[in-house]
Every structure is written in structure tokens, then in C-alpha cells.
Amino acid sequence: MKLNIDSIKKMVKDGERLDGRDLDEFRDIELETDYINETAEGSAHVKIGNTQIVVGVKVGVEEPYPDRPNKGTIVTNAELAPMASREYESGPPQEDGVELARVVDRGIRESEAVDLEELCIEPGEKVMTIFIDAHVLNDDGNLIDAASLAALAALKSGFIPVYNEEEDELVRDEKERDIPLDEEPVTVTGHKINGELLWDTTGEEEEARDSRLTVSINERENVVAMQKGDNQPLTQDEVMEIVDKAEGKISELRQILDEAVED
């Protein structure tokens with residue numbers, strides 16, 4: 001492993017990668033919405049290279065938080081199944097899964113992507129909760145970008161089912177309206193290896209990574225969330241470099257998102 005890490009760092013310094021891509025080049029991306037169309041209110045399957053993730057959206061009815069009596073809730077979870085990587089184990093949520101869910105959630109929550117007041121049924125009594133569940137099918141790096149793209153696609157193509165007040169239940173096979181999206185934040189992650197900036201790292205490259213910065217940007221090109229990862233620090237100039245170049249990468253992902261939802 002040490003030999004491979006050293007080789008990756010040397011190649012990156014020379015502007016090269018193991019798979020022949022440019023440092024700023026993404027692998028092929030495939031995005032399909034309505035992937036789970038019988039049991040979920042929204043879903044998407046994303047494949048970036050060999051990384052595959054499915055995200056499902058479910059809507060539930062619950063009591064609101066006391067300090068937000070007229071607002072619904074978003075709950076994001078991520079499952080790292082043992083079949084997705086030799087490093088994953090069965091059992092309680094793993095640290096990597098908790099972090100993945102947190103970063104995906106942050107882009108959506110900090111941008112106020114979903115109008116939570118539109119999820120209120122009866123103030124102080126009943127609101128809707130949107131559950132976003134990410135399932136990693138195969139981990140070959142860049143899980144954050146893949147899960148974030150799938151989550152946004154599932155929300156954008158999903159729906160709010162009819163609420164039957166008399167029965168106090170959702171009629172899941174009847175659509176009332178679209179999920180109330182006010183913003184569509186797209187997320188990308190810049191990775192630093194041996195002083196160089198890379199995008200869409202593979203699993204092997206992430207073993208050699210020094211630091212990463214995840215950036216979420218809305219349609220008006222405003223940065224709505226950022227999350228630093230790994231142990232090595234980033235200078236102010238490095239942060240600005242990642243943010244500046246993230247805009248171009250996000251434009252590419254947004255086009256893929258729009259085409260998938262339109263189809």
C-alpha cells in the first residue's frame with residue numbers, strides 16, 4: 001500500500017493519474033431518477049466510474065420540534081454496506097457513514113433547499129418529515145459528490161403524497177404535489193494530493209489524499225455550504241482555488257442533473 005501511495009503522489013506531481021485522466025477530469029457519470037418507483041416518493045441511482053449509490057426519499061408524518069412548530073424536518077442517513085467495500089462492516093453506523101450523511105445533509109439544509117414551512121400540516125401538531133437515505137452499492141471513491149448528486153436528483157424528481165386527514169395517514173400511491181424545492185445546491189469536492197488539486201478521486205487516490213474541501217453552490221452561483229475533511233490544513237489561497245474551480249465542475253454536474261430529471 002505504501003508503494004502505491006508513493007506512486008500516486010509522484011504521478012500527481014507530474015500531472016498524471018493511474019487511470020489516465022487529467023487532474024480536473026471526472027470519470028463517466030450516469031444518473032437515473034425514479035430508480036425505486038414503487039416504494040419511495042423519490043429516488044435516484046448514480047454511477048461515477050465504479051462508484052455506485054442509490055438514494056431513496058420517503059415522507060413521514062410526525063410532531064414538529066417545539067422551537068419550529070410550523071416547519072417540517074429533513075433527516076439524512078447513509079448506509080455503508082459490507083458488499084460495497086472490504087473496509088465496511090455490518091452493525092452500528094460507521095464513522096464514515098455518519099460523516100457522509102452529515103455532509104450531504106449540510107448542502108441541502110444550509111441552502112434552505114426545501115421549504116420546510118410547506119411541509120406543515122397543522123402547526124404544533126403535525127408536520128411532514130423528508131427522509132433521505134443513501135445506500136452505497138460500491139465504493140471506488142468520491143462518495144460525497146455521488147451521494148449529494150443522487151440526493152438532489154431524488155428530491156427534484158420526488159413528490160409529496162396525499163395526506164388523508166380522517167385516517168391520519170399518507171396515501172403513498174397518490175401524488176399531491178412536488179417536493180417544495182426553493183434551491184438546488186450542487187456539491188463537488190476538491191482533493192489535495194502532494195500539493196496538487198484533483199477532482200473525483202478514486203478509492204486508491206483517496207488513500208494518498210492529504211485534505212479535501214466540499215463545496216455546495218446554488219443556481220445563482222452562491223456558495224451555500226462548505227465542509228473540510230482529512231487532517232492536513234488548507235491555506236486561504238487553496239480554499240479560494242477550490243471554490244473558484246468548483247463553479248466549473250458544478251456546471252457540468254448541474255447539466256447532468258437537469259437532463260436526468262427531464263428524461
# chains A, B, ... in the order shown; residues from 1 in each chain; ligands from 1
$ residues_around --residues "Asp182 of chain A" --least-positions-apart "6" --cutoff "10 Å" --atoms "only C-alpha atoms" --output "list in words"
Ser111, Glu112, Ala113, Val114, Asp115 and Leu116 of chain A
$ residues_around --residues "segment 238-254 of chain A" --least-positions-apart "2" --cutoff "7 Å" --atoms "only C-alpha atoms" --output "short mmCIF file (atom, residue, chain, number, x, y, z; two decimals) with N, CA and C atoms, in the first residue's frame"
data_model
loop_
_atom_site.label_atom_id
_atom_site.label_comp_id
_atom_site.auth_asym_id
_atom_site.auth_seq_id
_atom_site.Cartn_x
_atom_site.Cartn_y
_atom_site.Cartn_z
N VAL A 186 -25.78 22.12 -5.78
CA VAL A 186 -24.97 21.02 -6.32
C VAL A 186 -23.63 21.03 -5.57
N THR A 187 -23.15 19.85 -5.29
CA THR A 187 -21.98 19.69 -4.42
C THR A 187 -20.82 19.03 -5.16
N VAL A 188 -19.62 19.57 -4.98
CA VAL A 188 -18.40 18.94 -5.50
C VAL A 188 -17.31 19.03 -4.44
N GLY A 190 -13.09 19.14 -3.82
CA GLY A 190 -11.72 19.27 -4.29
C GLY A 190 -10.79 18.52 -3.36
N VAL A 215 -17.73 21.70 -1.46
CA VAL A 215 -18.39 22.99 -1.69
C VAL A 215 -19.75 22.75 -2.32
N LEU A 234 -5.66 23.48 4.98
CA LEU A 234 -5.69 24.16 3.69
C LEU A 234 -5.44 25.64 3.92
N THR A 235 -4.62 26.25 3.09
CA THR A 235 -4.39 27.69 3.20
C THR A 235 -5.58 28.43 2.62
N GLN A 236 -5.64 29.73 2.89
CA GLN A 236 -6.71 30.55 2.34
C GLN A 236 -6.68 30.52 0.81
N ILE A 256 -25.97 17.45 -16.09
CA ILE A 256 -26.33 16.03 -15.98
C ILE A 256 -27.60 15.87 -15.16
N LEU A 257 -27.71 16.62 -14.06
CA LEU A 257 -28.90 16.57 -13.21
C LEU A 257 -30.14 16.97 -13.98
N ASP A 258 -30.09 18.09 -14.67
CA ASP A 258 -31.26 18.59 -15.39
C ASP A 258 -31.70 17.62 -16.48
#
$ residues_around --residues "Asp200 of chain A" --least-positions-apart "6" --cutoff "9 Å" --atoms "only C-alpha atoms" --output "MDAnalysis selection string"
chainID A and resid 23:27 48 141:142 145 188:191
$ write_last_selection --atoms "N, CA and C atoms" --output "short mmCIF file (atom, residue, chain, number, x, y, z; two decimals), in the first residue's frame"
data_model
loop_
_atom_site.label_atom_id
_atom_site.label_comp_id
_atom_site.auth_asym_id
_atom_site.auth_seq_id
_atom_site.Cartn_x
_atom_site.Cartn_y
_atom_site.Cartn_z
N LEU A 23 -6.06 15.87 -14.07
CA LEU A 23 -6.30 16.09 -12.64
C LEU A 23 -7.69 16.67 -12.37
N ASP A 24 -8.22 17.45 -13.33
CA ASP A 24 -9.52 18.09 -13.12
C ASP A 24 -10.65 17.37 -13.85
N GLU A 25 -10.42 16.12 -14.26
CA GLU A 25 -11.41 15.40 -15.07
C GLU A 25 -12.20 14.41 -14.23
N PHE A 26 -13.52 14.45 -14.36
CA PHE A 26 -14.38 13.47 -13.73
C PHE A 26 -14.41 12.18 -14.54
N ARG A 27 -14.71 11.07 -13.87
CA ARG A 27 -14.99 9.84 -14.59
C ARG A 27 -16.38 9.95 -15.24
N ILE A 48 -20.56 6.97 -10.73
CA ILE A 48 -19.41 7.78 -11.12
C ILE A 48 -18.22 6.83 -11.20
N GLY A 141 -14.42 5.58 -4.36
CA GLY A 141 -14.04 6.97 -4.17
C GLY A 141 -15.13 7.98 -4.53
N ASN A 142 -14.95 9.19 -3.99
CA ASN A 142 -15.82 10.33 -4.26
C ASN A 142 -17.27 10.07 -3.88
N ASP A 145 -19.69 13.44 -3.50
CA ASP A 145 -20.27 14.03 -4.71
C ASP A 145 -21.37 13.13 -5.28
N VAL A 188 -19.62 19.57 -4.98
CA VAL A 188 -18.40 18.94 -5.50
C VAL A 188 -17.31 19.03 -4.44
N THR A 189 -16.33 18.15 -4.57
CA THR A 189 -15.25 18.08 -3.59
C THR A 189 -13.90 18.19 -4.28
N GLY A 190 -13.09 19.14 -3.82
CA GLY A 190 -11.72 19.27 -4.29
C GLY A 190 -10.79 18.52 -3.36
N HIS A 191 -9.87 17.75 -3.92
CA HIS A 191 -8.97 16.91 -3.13
C HIS A 191 -7.52 17.35 -3.36
#
$ closest_residue --among "A:Ala81, A:Tyr35, A:Tyr88, A:Asp140" --to "Thr202 of chain A" --atoms "only C-alpha atoms"
A:Asp140
$ closest_residue --among "A:Lys228, A:Lys156, A:Arg109, A:Arg102" --to "Arg177 of chain A" --atoms "only C-alpha atoms"
A:Lys156
$ residues_around --residues "segment 16-22 of chain A" --least-positions-apart "5" --cutoff "9 Å" --atoms "only C-alpha atoms" --output "PyMOL selection string"
chain A and resi 7-8+10-11+27+198+205
$ write_last_selection --atoms "C-alpha atoms" --output "mmCIF file, in the first residue's frame"
data_model
loop_
_atom_site.group_PDB
_atom_site.id
_atom_site.type_symbol
_atom_site.label_atom_id
_atom_site.label_comp_id
_atom_site.auth_asym_id
_atom_site.auth_seq_id
_atom_site.Cartn_x
_atom_site.Cartn_y
_atom_site.Cartn_z
ATOM 1 C CA SER A 7 3.462 6.197 -6.822
ATOM 2 C CA ILE A 8 0.174 8.117 -6.815
ATOM 3 C CA LYS A 10 4.641 11.139 -7.666
ATOM 4 C CA MET A 11 2.287 10.798 -10.638
ATOM 5 C CA ARG A 27 -14.992 9.841 -14.588
ATOM 6 C CA LEU A 198 -7.727 16.784 -8.039
ATOM 7 C CA GLU A 205 -6.218 8.064 -4.770
#
$ select_by_dssp --residues "segment 189-218 of chain A" --states "strand (DSSP E)" --output "PyMOL selection string"
chain A and resi 189-193+196-199+211-217
$ closest_residue --among "A:Arg209, A:Lys71, A:Lys192, A:Lys58" --to "Phe159 of chain A" --atoms "only C-alpha atoms"
A:Lys58
$ residues_around --residues "Arg220 of chain A" --least-positions-apart "6" --cutoff "10 Å" --atoms "only C-alpha atoms" --output "short mmCIF file (atom, residue, chain, number, x, y, z; two decimals) with C-alpha atoms, in the first residue's frame"
data_model
loop_
_atom_site.label_atom_id
_atom_site.label_comp_id
_atom_site.auth_asym_id
_atom_site.auth_seq_id
_atom_site.Cartn_x
_atom_site.Cartn_y
_atom_site.Cartn_z
CA GLU A 183 -32.90 25.91 -4.10
CA GLU A 184 -30.95 23.25 -5.99
CA PRO A 185 -27.48 23.12 -4.40
#
$ atom_distance --atom1 "atom CA of Asp230 of chain A" --atom2 "atom CA of Arg86 of chain A"
20.6 Å
$ closest_residue --among "A:Leu152, A:Ala260, A:Val12, A:Val46" --to "Val104 of chain A" --atoms "only C-alpha atoms"
A:Leu152
$ closest_residue --among "A:Thr201, A:Gln227, A:Asn138, A:Thr129" --to "Glu63 of chain A" --atoms "only C-alpha atoms"
A:Thr129
$ closest_residue --among "A:Asp14, A:Asp133, A:Gly60, A:Trp199" --to "Thr73 of chain A" --atoms "only C-alpha atoms"
A:Gly60
$ residues_around --residues "Asp263 of chain A" --least-positions-apart "6" --cutoff "12 Å" --atoms "only C-alpha atoms" --output "list in words"
Leu31, Glu32, Thr33, Asp34, Ala153, Ser157, Ile256 and Leu257 of chain A
$ select_by_dssp --residues "segment 136-223 of chain A" --states "helix (DSSP H, G or I)" --output "list in words"
Leu143, Ile144, Asp145, Ala146, Ala147, Ser148, Leu149, Ala150, Ala151, Leu152, Ala153, Ala154, Leu155, Lys156, Ser157, Gly203, Glu204, Glu205, Glu206 and Glu207 of chain A
